[in-house]
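Right, one structure below, let's go through it.
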Amino acid sequence: MPHAVARLRASRLALSSKPFLARGGFKRERCPACRLVPSHCLCALRPALTVRAGVCLLMADIEPLKPTNTGWLVADVVPDTFAFGWTRTQPDPALLALLRDPQWQPFVVFPGQYAAPERVVEVLPPAAGGAEARRPLFVLLDATWTEARKMFRRSPYLDDFPVLSLSPTRLSQYRLRQTCHEHHLCTSEVAALCLELAGEPQAARTLDAYLDVFTHHYLQAKNQQPVDPASEARQRLRALSAPLAEVGTGPALPEGAF
């Protein structure tokens, strides 16, 4: 079954009066499941993880249509990923229901300098209640930086939730879009930091490795070059995925994937 970002993309395409053409991208046929040309398809490398945390993506209008969107990768890796198109005045009722669901504790992930100090947290509070504790739900504003600031200011339905302010110690490694600020991370990188804070380092490292593999496949396809089956990123993803079958948290990657 298609994940949440794929479903949002399909609904957004249904509203379009003309085909979406990605700026600077390749115009060849794409795999509907990974958005890459079939010769560079990523589907066989998709990790299978069990992750307690959830991610809620609030996506700017055309973000689900962009083949370089990394929220798609988050949905590939984190089973409980939800995706909604952003709107100020008419939020999706399903989004509001998700935010009220008692199994989740939402955290709006955004720099603390833009929020009231009493809302800002930099670490997750200890989970109380053991197995019955509320699960963290990371609300990510998936947009350009200019769009994300507008979304943060104009989403009153998020005002009651704590703002998780991250302090990344490294620059973004994302190479598929240009940004004016090297310290601005892409959505996948932000999600990985959130998973680390949630006590899920294996999932965080797997998501980072999966982003690197996607980037390699995308750039090789764009330059009409074959993928390198022995690339460092693929070796790292394989090493991270191999223990999953041993601990029973999900199947290992297909034998022929590497």
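We label chains A, B, ... in the order they appear in the structure tokens, count residues from 1 in each chain, and number ligands from 1 in the order shown.
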Inset, instruction - Could you give me, as a ChimeraX atom specification, each residue of stretch 75-256 of chain A that DSSP assigns to helix (DSSP H, G or I) when run on this structure's backbone? - result: /A:75-77,93-100,112-114,117-119,130-132,145-153,156-158,187-197,201-222,232-247,255-256
Using only C-alpha atoms, which protein or nucleic acid residues come within 12 Å of A:Arg149? Drop anything in the same chain fewer than 3 positions from it, and give the result as a list of chain:residue names.
A:Ala60, A:Val109, A:Phe110, A:Pro111, A:Gly112, A:Gln113, A:Tyr114, A:Ala115, A:Leu140, A:Leu141, A:Asp142, A:Ala143, A:Thr144, A:Trp145, A:Thr146, A:Phe152, A:Arg153, A:Arg154, A:Ser155
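All residues within stretch 65-223 of chain A that the backbone DSSP calculation assigns to strand (DSSP E) are Thr81, Phe82, Ala83, Phe84, Gly85, Trp104, Gln105, Pro106, Phe107, Val108, Val109, Val120, Val121, Arg135, Pro136, Leu137, Phe138, Val139, Leu140, Leu141, Asp142, Val163 and Leu164 of chain A.
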Close residues, A:Ala133 itself excluded, 12 Å, only C-alpha atoms, min 5 positions apart in chain, as a PyMOL selection string
chain A and resi 52-53+102-105+125-128
Could those residues be written to a file, using C-alpha atoms, as a compact mmCIF listing (two decimals), in the first residue's frame?
```txt
# COMPACT_ATOMS: atom_id res chain seq x y z
CA ARG A 52 8.02 3.71 18.11
CA ALA A 53 8.06 7.41 17.24
CA PRO A 102 -4.12 10.35 23.12
CA GLN A 103 -1.51 7.82 22.00
CA TRP A 104 0.67 10.63 20.62
CA GLN A 105 2.58 13.53 22.18
CA PRO A 125 10.89 14.54 28.60
CA PRO A 126 11.24 11.04 30.09
CA ALA A 127 8.41 8.77 29.06
CA ALA A 128 6.06 8.12 31.96
```
